[in-house]
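Structure file target07.txt (compact mmCIF, C-alpha atoms (C1' of nucleotides)) is printed below.
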# COMPACT_ATOMS: atom_id res chain seq x y z
CA MET A 1 -31.48 -38.05 157.94
CA THR A 2 -31.31 -41.71 157.04
CA MET A 3 -31.73 -44.20 159.89
CA ASN A 4 -31.05 -43.84 163.60
CA LEU A 5 -27.32 -44.11 164.10
CA SER A 6 -26.17 -44.81 167.64
CA LEU A 7 -23.13 -43.17 169.11
CA THR A 8 -21.03 -46.29 168.60
CA ASP A 9 -22.19 -46.52 165.00
CA ILE A 10 -20.96 -43.00 164.42
CA GLN A 11 -17.63 -43.74 166.03
CA GLN A 12 -17.31 -46.79 163.81
CA THR A 13 -18.14 -44.69 160.76
CA PHE A 14 -15.42 -42.23 161.69
CA ARG A 15 -12.91 -45.02 162.21
CA ASP A 16 -13.80 -46.52 158.81
CA CYS A 17 -13.08 -43.17 157.21
CA GLY A 18 -9.83 -42.69 159.09
CA LEU A 19 -11.22 -39.76 161.06
CA LYS A 20 -10.48 -39.11 164.71
CA SER A 21 -13.51 -39.34 166.91
CA THR A 22 -13.89 -36.30 169.11
CA PRO A 23 -16.91 -35.32 171.19
CA GLN A 24 -17.54 -32.20 169.12
CA ARG A 25 -17.24 -34.00 165.81
CA THR A 26 -19.52 -36.75 166.98
CA ALA A 27 -22.12 -34.32 168.25
CA ILE A 28 -22.11 -32.28 165.06
CA TYR A 29 -22.42 -35.31 162.81
CA GLN A 30 -25.09 -36.85 165.02
CA ALA A 31 -27.12 -33.65 164.91
CA LEU A 32 -26.88 -33.61 161.12
CA VAL A 33 -27.73 -37.29 160.72
CA HIS A 34 -30.82 -36.91 162.86
CA SER A 35 -32.04 -33.78 161.12
CA THR A 36 -34.32 -33.62 158.10
CA ALA A 37 -34.11 -29.84 157.81
CA HIS A 38 -30.84 -29.49 155.91
CA PRO A 39 -29.37 -27.21 158.55
CA THR A 40 -26.79 -24.49 158.07
CA ALA A 41 -23.46 -24.48 159.89
CA GLU A 42 -24.94 -22.00 162.30
CA ASN A 43 -28.05 -24.12 162.88
CA LEU A 44 -25.79 -26.99 163.87
CA PHE A 45 -23.72 -24.71 166.06
CA THR A 46 -26.83 -23.51 167.87
CA GLN A 47 -28.09 -27.04 168.29
CA VAL A 48 -24.85 -28.51 169.62
CA SER A 49 -23.67 -25.50 171.64
CA PRO A 50 -25.68 -26.14 174.81
CA ALA A 51 -23.91 -29.46 175.32
CA TYR A 52 -20.51 -27.98 174.42
CA PRO A 53 -20.44 -24.36 175.54
CA MET A 54 -16.86 -23.91 174.34
CA LEU A 55 -17.74 -25.06 170.83
CA SER A 56 -16.63 -22.67 168.13
CA LEU A 57 -18.53 -22.00 164.94
CA ASN A 58 -15.15 -22.44 163.37
CA THR A 59 -15.08 -26.03 164.45
CA VAL A 60 -18.47 -26.60 162.90
CA TYR A 61 -17.19 -25.32 159.56
CA TYR A 62 -13.99 -27.34 159.86
CA THR A 63 -15.90 -30.47 160.79
CA LEU A 64 -18.36 -30.10 157.94
CA GLY A 65 -15.42 -29.70 155.58
CA VAL A 66 -13.81 -32.86 156.88
CA LEU A 67 -17.05 -34.82 156.68
CA ARG A 68 -17.63 -33.56 153.17
CA LYS A 69 -14.18 -34.64 152.03
CA ALA A 70 -14.80 -38.02 153.64
CA GLY A 71 -18.03 -38.29 151.66
CA LEU A 72 -20.24 -38.45 154.74
CA VAL A 73 -22.00 -35.20 154.06
CA GLN A 74 -23.05 -33.18 151.06
CA GLU A 75 -23.71 -29.51 150.60
CA VAL A 76 -27.08 -28.45 149.22
CA ASN A 77 -27.52 -25.32 147.13
CA VAL A 78 -30.57 -23.13 147.54
CA GLY A 79 -29.80 -19.77 146.13
CA HIS A 80 -26.71 -17.98 147.27
CA ASP A 81 -27.54 -17.53 150.88
CA ARG A 82 -25.78 -19.71 153.40
CA ALA A 83 -24.70 -23.29 152.71
CA ARG A 84 -26.92 -26.11 153.94
CA PHE A 85 -25.84 -29.63 154.70
CA ASP A 86 -27.27 -33.09 154.28
CA ALA A 87 -26.08 -36.43 155.63
CA ASN A 88 -28.45 -38.41 153.44
CA LEU A 89 -26.06 -40.29 151.19
CA SER A 90 -28.54 -42.26 149.10
CA PRO A 91 -29.30 -40.65 145.75
CA HIS A 92 -32.18 -38.28 146.20
CA HIS A 93 -33.60 -34.99 145.09
CA HIS A 94 -34.99 -31.87 146.69
CA VAL A 95 -38.11 -29.77 146.91
CA ILE A 96 -37.38 -26.20 147.88
CA CYS A 97 -39.93 -23.76 149.22
CA LEU A 98 -39.39 -20.32 147.73
CA GLY A 99 -41.20 -18.77 150.67
CA CYS A 100 -39.50 -20.14 153.78
CA HIS A 101 -36.52 -21.84 152.12
CA ALA A 102 -37.41 -25.20 153.61
CA ILE A 103 -35.82 -28.15 151.82
CA LEU A 104 -37.50 -31.53 151.65
CA ASP A 105 -35.90 -34.73 150.43
CA VAL A 106 -37.48 -36.52 147.47
CA MET A 107 -36.61 -40.19 147.27
CA ASP A 108 -38.60 -40.90 144.11
CA PRO A 109 -36.49 -43.59 142.38
CA ARG A 110 -37.82 -42.69 138.93
CA LEU A 111 -35.78 -39.51 139.09
CA ASN A 112 -32.57 -41.47 139.60
CA ARG A 113 -32.67 -42.92 136.11
CA LEU A 114 -32.87 -39.94 133.82
CA SER A 115 -31.39 -40.66 130.44
CA SER A 116 -28.24 -38.70 129.80
CA PRO A 117 -29.00 -35.29 128.34
CA LEU A 118 -28.98 -34.45 124.66
CA GLY A 119 -26.74 -31.83 123.15
CA ILE A 120 -23.73 -31.77 125.41
CA PRO A 121 -20.14 -32.40 124.29
CA LYS A 122 -19.33 -36.09 123.84
CA ASP A 123 -16.30 -35.92 126.08
CA PHE A 124 -18.25 -34.55 129.02
CA GLU A 125 -18.55 -37.28 131.63
CA ILE A 126 -21.67 -37.01 133.79
CA THR A 127 -21.14 -38.48 137.26
CA SER A 128 -24.41 -37.54 138.96
CA HIS A 129 -27.52 -35.48 138.64
CA GLN A 130 -29.99 -33.94 141.00
CA VAL A 131 -33.44 -32.50 140.42
CA ALA A 132 -34.52 -29.39 142.30
CA PHE A 133 -38.26 -28.77 142.43
CA ARG A 134 -39.25 -25.28 143.50
CA GLY A 135 -42.55 -23.95 144.70
CA TYR A 136 -44.43 -23.06 147.84
CA CYS A 137 -45.21 -25.20 150.87
CA GLY A 138 -48.72 -25.23 152.33
CA THR A 139 -47.90 -22.73 155.03
CA CYS A 140 -46.32 -20.25 152.64
CA ARG A 141 -49.14 -20.63 150.13
CA ARG A 142 -51.69 -19.77 152.78
CA SER A 143 -49.76 -16.76 154.05
CA ARG A 144 -49.17 -15.56 150.49
CA SER A 145 -52.81 -15.72 149.52
CA SER A 146 -53.75 -13.75 152.63
CA MET A 147 -51.44 -10.82 151.87
CA THR A 148 -53.52 -9.38 149.11
CA THR A 149 -51.62 -6.30 148.02
CA SER A 150 -48.10 -6.62 149.37
CA PRO A 151 -45.67 -6.10 146.51
CA SER A 152 -42.69 -7.26 148.55
CA GLY A 153 -40.53 -9.97 147.13
CA LYS A 154 -38.44 -11.62 149.78
CA ARG A 155 -39.18 -12.47 153.33
CA PRO A 156 -36.60 -14.83 154.76
CA ALA A 157 -37.80 -17.21 157.46
CA ILE A 158 -35.27 -20.01 157.43
CA GLN A 159 -36.75 -23.43 158.01
CA MET B 1 -27.77 -16.68 125.27
CA THR B 2 -30.88 -17.12 123.16
CA MET B 3 -30.94 -15.27 119.83
CA ASN B 4 -29.07 -12.17 118.70
CA LEU B 5 -30.87 -9.19 120.16
CA SER B 6 -30.06 -5.85 118.62
CA LEU B 7 -29.73 -2.70 120.64
CA THR B 8 -33.19 -1.54 119.69
CA ASP B 9 -34.64 -4.92 120.61
CA ILE B 10 -33.15 -4.55 124.06
CA GLN B 11 -34.51 -1.05 124.46
CA GLN B 12 -37.93 -2.33 123.44
CA THR B 13 -37.65 -5.16 125.96
CA PHE B 14 -36.87 -2.66 128.70
CA ARG B 15 -39.77 -0.47 127.70
CA ASP B 16 -42.10 -3.47 127.76
CA CYS B 17 -41.00 -4.20 131.30
CA GLY B 18 -41.33 -0.60 132.41
CA LEU B 19 -37.59 -0.23 132.90
CA LYS B 20 -35.66 2.87 132.05
CA SER B 21 -33.14 2.35 129.32
CA THR B 22 -29.70 3.56 130.31
CA PRO B 23 -26.41 2.92 128.53
CA GLN B 24 -25.02 0.90 131.45
CA ARG B 25 -28.13 -1.21 131.83
CA THR B 26 -28.26 -1.89 128.13
CA ALA B 27 -24.60 -2.86 127.99
CA ILE B 28 -24.87 -5.21 130.97
CA TYR B 29 -27.96 -6.93 129.65
CA GLN B 30 -26.52 -7.18 126.17
CA ALA B 31 -23.34 -8.77 127.51
CA LEU B 32 -25.40 -11.31 129.41
CA VAL B 33 -27.72 -12.09 126.52
CA HIS B 34 -24.79 -12.72 124.23
CA SER B 35 -22.91 -14.90 126.70
CA THR B 36 -23.23 -18.65 127.06
CA ALA B 37 -20.88 -18.83 130.05
CA HIS B 38 -23.30 -17.91 132.84
CA PRO B 39 -21.09 -15.05 134.01
CA THR B 40 -20.79 -13.66 137.50
CA ALA B 41 -21.52 -10.05 138.35
CA GLU B 42 -17.80 -9.41 138.29
CA ASN B 43 -17.38 -11.11 134.90
CA LEU B 44 -19.98 -8.74 133.50
CA PHE B 45 -18.34 -5.79 135.19
CA THR B 46 -14.99 -6.71 133.65
CA GLN B 47 -16.55 -7.18 130.25
CA VAL B 48 -18.52 -3.94 130.20
CA SER B 49 -16.00 -1.76 132.05
CA PRO B 50 -13.78 -0.88 129.08
CA ALA B 51 -16.68 0.82 127.33
CA TYR B 52 -17.87 2.50 130.54
CA PRO B 53 -14.82 3.27 132.68
CA MET B 54 -16.96 4.90 135.37
CA LEU B 55 -19.13 1.80 135.73
CA SER B 56 -19.47 0.60 139.30
CA LEU B 57 -19.69 -3.06 140.30
CA ASN B 58 -22.54 -1.82 142.42
CA THR B 59 -24.46 -0.87 139.35
CA VAL B 60 -23.95 -4.35 137.94
CA TYR B 61 -25.47 -5.87 141.06
CA TYR B 62 -28.30 -3.37 141.08
CA THR B 63 -29.00 -3.95 137.41
CA LEU B 64 -28.97 -7.72 137.75
CA GLY B 65 -31.41 -7.37 140.64
CA VAL B 66 -33.72 -5.22 138.55
CA LEU B 67 -33.53 -7.58 135.59
CA ARG B 68 -34.20 -10.55 137.84
CA LYS B 69 -37.27 -8.91 139.33
CA ALA B 70 -38.44 -8.10 135.80
CA GLY B 71 -38.04 -11.77 134.92
CA LEU B 72 -35.43 -11.11 132.23
CA VAL B 73 -32.65 -12.91 134.03
CA GLN B 74 -32.29 -15.83 136.36
CA GLU B 75 -29.67 -16.73 138.92
CA VAL B 76 -27.94 -20.10 138.63
CA ASN B 77 -26.64 -21.95 141.67
CA VAL B 78 -23.39 -23.86 141.49
CA GLY B 79 -22.11 -24.41 144.96
CA HIS B 80 -21.85 -21.50 147.29
CA ASP B 81 -19.26 -19.48 145.52
CA ARG B 82 -20.40 -16.40 143.66
CA ALA B 83 -23.78 -16.06 141.95
CA ARG B 84 -23.96 -16.67 138.23
CA PHE B 85 -26.53 -15.29 135.83
CA ASP B 86 -28.41 -16.49 132.80
CA ALA B 87 -30.60 -14.59 130.34
CA ASN B 88 -31.92 -17.79 128.75
CA LEU B 89 -35.60 -17.66 129.66
CA SER B 90 -36.81 -20.84 128.00
CA PRO B 91 -37.05 -23.80 130.37
CA HIS B 92 -33.73 -25.55 130.40
CA HIS B 93 -31.31 -27.43 132.59
CA HIS B 94 -27.61 -27.34 133.34
CA VAL B 95 -24.48 -29.43 133.14
CA ILE B 96 -21.87 -28.32 135.62
CA CYS B 97 -18.19 -29.23 135.44
CA LEU B 98 -16.85 -30.01 138.89
CA GLY B 99 -13.35 -29.21 137.69
CA CYS B 100 -13.54 -25.76 136.14
CA HIS B 101 -17.08 -24.83 137.23
CA ALA B 102 -18.20 -24.29 133.66
CA ILE B 103 -21.96 -24.35 133.18
CA LEU B 104 -23.56 -25.55 129.95
CA ASP B 105 -27.21 -25.23 129.05
CA VAL B 106 -29.19 -28.39 128.35
CA MET B 107 -32.28 -27.84 126.27
CA ASP B 108 -33.43 -31.47 126.24
CA PRO B 109 -37.24 -31.15 126.23
CA ARG B 110 -37.74 -34.58 127.82
CA LEU B 111 -36.45 -33.10 131.07
CA ASN B 112 -39.17 -30.46 131.07
CA ARG B 113 -41.91 -33.00 131.61
CA LEU B 114 -40.90 -34.84 134.74
CA SER B 115 -43.89 -36.20 136.58
CA SER B 116 -44.41 -34.52 139.93
CA PRO B 117 -42.42 -36.19 142.65
CA LEU B 118 -43.71 -38.84 145.00
CA GLY B 119 -43.79 -38.43 148.74
CA ILE B 120 -44.10 -34.72 149.27
CA PRO B 121 -46.92 -33.00 151.17
CA LYS B 122 -50.11 -32.65 149.14
CA ASP B 123 -50.37 -28.94 149.79
CA PHE B 124 -46.92 -28.23 148.38
CA GLU B 125 -47.33 -26.48 145.04
CA ILE B 126 -44.48 -27.12 142.61
CA THR B 127 -43.98 -24.23 140.21
CA SER B 128 -40.83 -25.31 138.39
CA HIS B 129 -38.00 -27.77 138.40
CA GLN B 130 -34.48 -27.87 137.12
CA VAL B 131 -32.07 -30.72 136.64
CA ALA B 132 -28.37 -30.22 137.42
CA PHE B 133 -26.02 -32.76 135.89
CA ARG B 134 -22.54 -32.79 137.39
CA GLY B 135 -19.36 -34.28 136.06
CA TYR B 136 -16.18 -33.35 134.26
CA CYS B 137 -15.71 -31.66 130.92
CA GLY B 138 -13.23 -33.06 128.42
CA THR B 139 -10.50 -30.63 129.35
CA CYS B 140 -10.80 -31.32 133.06
CA ARG B 141 -10.96 -35.08 132.51
CA ARG B 142 -7.72 -34.97 130.58
CA SER B 143 -5.92 -32.81 133.13
CA ARG B 144 -7.22 -34.98 135.96
CA SER B 145 -6.01 -38.22 134.42
CA SER B 146 -2.56 -36.70 133.87
CA MET B 147 -2.07 -35.75 137.50
CA THR B 148 -1.45 -39.24 138.69
CA THR B 149 -0.88 -38.86 142.40
CA SER B 150 -2.15 -35.43 143.35
CA PRO B 151 -4.54 -35.79 146.28
CA SER B 152 -5.75 -32.23 146.00
CA GLY B 153 -9.45 -31.61 145.81
CA LYS B 154 -10.29 -28.23 144.44
CA ARG B 155 -8.69 -26.13 141.81
CA PRO B 156 -10.89 -23.25 140.78
CA ALA B 157 -10.58 -22.00 137.22
CA ILE B 158 -13.82 -20.17 136.56
CA GLN B 159 -15.32 -20.70 133.13
C1' DT C 1 0.37 -46.64 181.40
C1' DT C 2 3.07 -43.04 179.32
C1' DG C 3 4.77 -40.17 175.56
C1' DC C 4 4.67 -38.50 170.93
C1' DT C 5 2.82 -36.62 167.09
C1' DA C 6 -0.40 -35.30 163.96
C1' DC C 7 -4.80 -33.76 163.77
C1' DA C 8 -8.62 -30.89 166.28
C1' DT C 9 -10.30 -27.05 168.58
C1' DA C 10 -11.17 -22.16 169.64
C1' DG C 11 -10.63 -17.51 169.14
C1' DG C 12 -9.51 -13.66 166.71
C1' DA C 13 -8.56 -11.54 162.53
C1' DA C 14 -8.97 -11.50 157.49
C1' DT C 15 -11.45 -12.17 153.17
C1' DC C 16 -14.69 -11.29 149.89
C1' DA C 17 -19.22 -11.34 147.66
C1' DT C 18 -23.04 -8.77 148.23
C1' DT C 19 -25.94 -5.13 150.19
C1' DC C 20 -26.79 -0.62 152.24
C1' DC C 21 -26.52 4.38 152.22
C1' DT C 22 -26.30 8.74 149.99
C1' DA C 23 -25.49 12.47 146.93
C1' DA C 24 -25.31 13.57 142.24
C1' DA C 25 -26.84 12.40 137.40
C1' DC C 26 -30.27 11.46 134.24
C1' DA C 27 -34.42 9.19 131.55
C1' DG C 28 -38.87 9.94 130.37
C1' DG C 29 -43.13 12.10 130.81
C1' DA C 30 -45.72 16.66 131.41
C1' DT D 1 -37.76 22.72 128.91
C1' DC D 2 -38.71 21.36 133.56
C1' DC D 3 -39.74 17.89 137.26
C1' DT D 4 -39.67 13.78 139.51
C1' DG D 5 -38.56 9.36 140.46
C1' DT D 6 -35.17 6.13 139.10
C1' DT D 7 -30.31 5.11 138.34
C1' DT D 8 -25.62 5.53 139.13
C1' DA D 9 -21.18 5.50 141.69
C1' DG D 10 -18.57 5.47 145.59
C1' DG D 11 -17.76 4.38 150.07
C1' DA D 12 -18.99 2.01 154.03
C1' DA D 13 -21.32 -1.96 156.19
C1' DT D 14 -22.67 -6.71 156.51
C1' DG D 15 -22.20 -11.43 157.08
C1' DA D 16 -20.86 -16.05 155.79
C1' DT D 17 -16.82 -18.39 155.39
C1' DT D 18 -11.85 -19.00 155.65
C1' DC D 19 -7.26 -18.16 157.45
C1' DC D 20 -3.91 -18.06 161.21
C1' DT D 21 -2.12 -19.80 165.36
C1' DA D 22 -1.52 -21.38 169.97
C1' DT D 23 -3.26 -24.87 172.84
C1' DG D 24 -5.57 -29.34 173.50
C1' DT D 25 -6.24 -34.14 172.67
C1' DA D 26 -7.08 -38.82 170.16
C1' DG D 27 -4.79 -42.62 168.83
C1' DC D 28 -0.79 -45.09 168.24
C1' DA D 29 3.54 -47.28 169.87
C1' DA D 30 6.78 -48.36 173.29
Taking this structure as input, can you express it in the form of C-alpha cells?
Amino acid sequence: MTMNLSLTDIQQTFRDCGLKSTPQRTAIYQALVHSTAHPTAENLFTQVSPAYPMLSLNTVYYTLGVLRKAGLVQEVNVGHDRARFDANLSPHHHVICLGCHAILDVMDPRLNRLSSPLGIPKDFEITSHQVAFRGYCGTCRRSRSSMTTSPSGKRPAIQ
Amino acid sequence: MTMNLSLTDIQQTFRDCGLKSTPQRTAIYQALVHSTAHPTAENLFTQVSPAYPMLSLNTVYYTLGVLRKAGLVQEVNVGHDRARFDANLSPHHHVICLGCHAILDVMDPRLNRLSSPLGIPKDFEITSHQVAFRGYCGTCRRSRSSMTTSPSGKRPAIQ
DNA sequence: TTGCTACATAGGAATCATTCCTAAACAGGA
DNA sequence: TCCTGTTTAGGAATGATTCCTATGTAGCAA
C-alpha cells in the first residue's frame, strides 16, 4: 500500500517486531503491502497460493492476526461481510463504493485534524478517528443508471 | 433513540412506509427506537422475547432487514463481530469504545459538513460520510490502568 | 554445525452470526 | 367476511472465522 518494500525490508520489519520470518508470512505481508484493494483473507490466499500450493487459509488468518497484533496491519470495516485488511499505517480515511464494495484510501490531511467531538462524556479518551465516505464509483454509477427499472438492492461484486 | 414515539406513532410510520403493522414488528422497532445502545439482533430478541415468547430470532433479522430497506433503521459497523442497529435517522457520528464495544452517538453538526475529500476519482459520487472516533470510555480506562501487567488484548463485554 | 524449543503451518472439525426454505398464521383491502 | 400477499417461526443451510492438534521449522545457543 505505502511504498515498495523489498523482501529484505520485510524481513527486517519482522525482526524489529520480534516476529519469525517464514516464507508464507513474508509472501502474505508482501501481497498486502503491495495491494491497494484492501483484500480479504481469501483474496490474499488466492493471490499467494500459486507460489505456495500447501498454503492453508488458516495460516492466512493466523498471519493476519499476528500482523495486526504487531501493528503492521489494520482491519477495515465495510458492512458486515468479510473482513478486509490494510497495511497502510499512516493515518488515512476511506471511500467505499456501495455498488462494488471497492475501498479507496483518502490521504487528505485536513481530515486528520478534526476537533474532538462535542457531547461525549468527559472521561472518554479518544485515541483515533477515521472518516468513511460512501457513494458510488464511476463504473457503478454508469451501470446503475442503465438499469432503469430493476428494484433489486444488492449485487455483490467484490473489488 | 430520537424522541419518544408512541405506539400509534409507530403504526403510522409503518403505514407511511407501506409496511404491515404486526405486534412483533412494532415491538422490535419500538425497542430499537427507545434504545441508545445500538443493540444487536440478539439483544433485541432478548429484550422483546418476554412479551412474545414465540418470537423467533429469524423474525428479528427479517424485521431489521425490512426496516433497513424502508430507511427506518441503519446498520452500524464496529469491527467484524455482530451487526448493530440504530434507529437514529438524523445525520450523526459515533464514538466507539475499544474496551467494551459501547457505541455512543455524536450529534456534532460541524462533522456533517466535511469538505469532499481530495484525491479520489472525479466520477466517484459521495452520498454520505460518517466519522468513527475510537478510544476508551471512563470505565474501561479505569479497569485498564488497574491491570498493571496483563498483556491480554481483547476482552469483550458488549454494551 | 547441531540440537532444542517455542512459534508456525496445515488440515479438519467446530462455532456462530446470518440467511434460506417452507408451511402455517395473519394484516389489510375488497 | 373472504382473499391474497406478507409475515412469522422453526429448522436447516451457509460461510467466514476460530479452535484443536500433530507436524514442521526459524532462530537461538552450545
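With the cut-off set to 7 Å and all atoms listed in the file counted, chain B residues close to chain A are Asn77, Gly79, His80, Ala83, Val106, Asp108, Pro117, Leu118, Gly119, Asp123, Phe124, Glu125, Ile126, Thr127, Ser128, His129, Gln130, Val131, Ala132, Phe133, Arg134, Gly135, Tyr136, Cys137 and Gly138 of chain B.
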Using only C-alpha atoms (C1' of nucleotides), determine which residues lie at most 12 Å from D:DA12, disregarding the query and same-chain residues fewer than 4 positions distant; provide the list as an NGL selection string.
:C and (19-22)
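When all atoms listed in the file are used to compute distances to chain C, the closest of the residues B:Ser21, B:Met54, B:Ser143, B:Pro91 turns out to be B:Ser21.
Of note, atom CA of A:Asn88 and atom C1' of D:DG15 are spaced 27.9 Å apart.
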Once you count only C-alpha atoms (C1' of nucleotides), which residues of chain B turn out to be within 10 Å of chain D? Could you give them as number ranges by chain?
B: 19-22, 24-25, 54-59, 62-63
At a cut-off of 9 Å, which residues of chain C touch chain A? Count all atoms listed in the file and give the answer as a PyMOL selection string.
chain C and resi 7-11
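A straight line drawn from atom CA of A:Leu72 to atom CA of A:Ala87 is 6.2 Å long.
Put simply, atom CA of A:Ile28 is 10.4 Å away from atom CA of A:Tyr52.
In this comparison, which uses all atoms listed in the file, the residue of C:DT18, C:DA13, C:DT5, C:DA30 approaching B:Gly65 most closely is C:DT18.
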Quick one: residues within 9 Å of A:Leu44, all atoms listed in the file, excluding same-chain residues fewer than 2 positions away - as a count of residues only?
13
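By all atoms listed in the file, and with residues fewer than 6 positions from B:His38 along its chain excluded, the set lying at most 7 Å from it is B:Arg84, B:Phe85, B:Asp86, B:Ile103.
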Would you compute an axis-aligned box for stretch 3-6 of chain D, covering every atom listed for it in the file with 6 Å of margin on each side, and report centre and edge lengths in Å to one decimal as JSON?
{"center_x": -37.5, "center_y": 12.0, "center_z": 138.9, "size_x": 16.6, "size_y": 23.8, "size_z": 15.2}
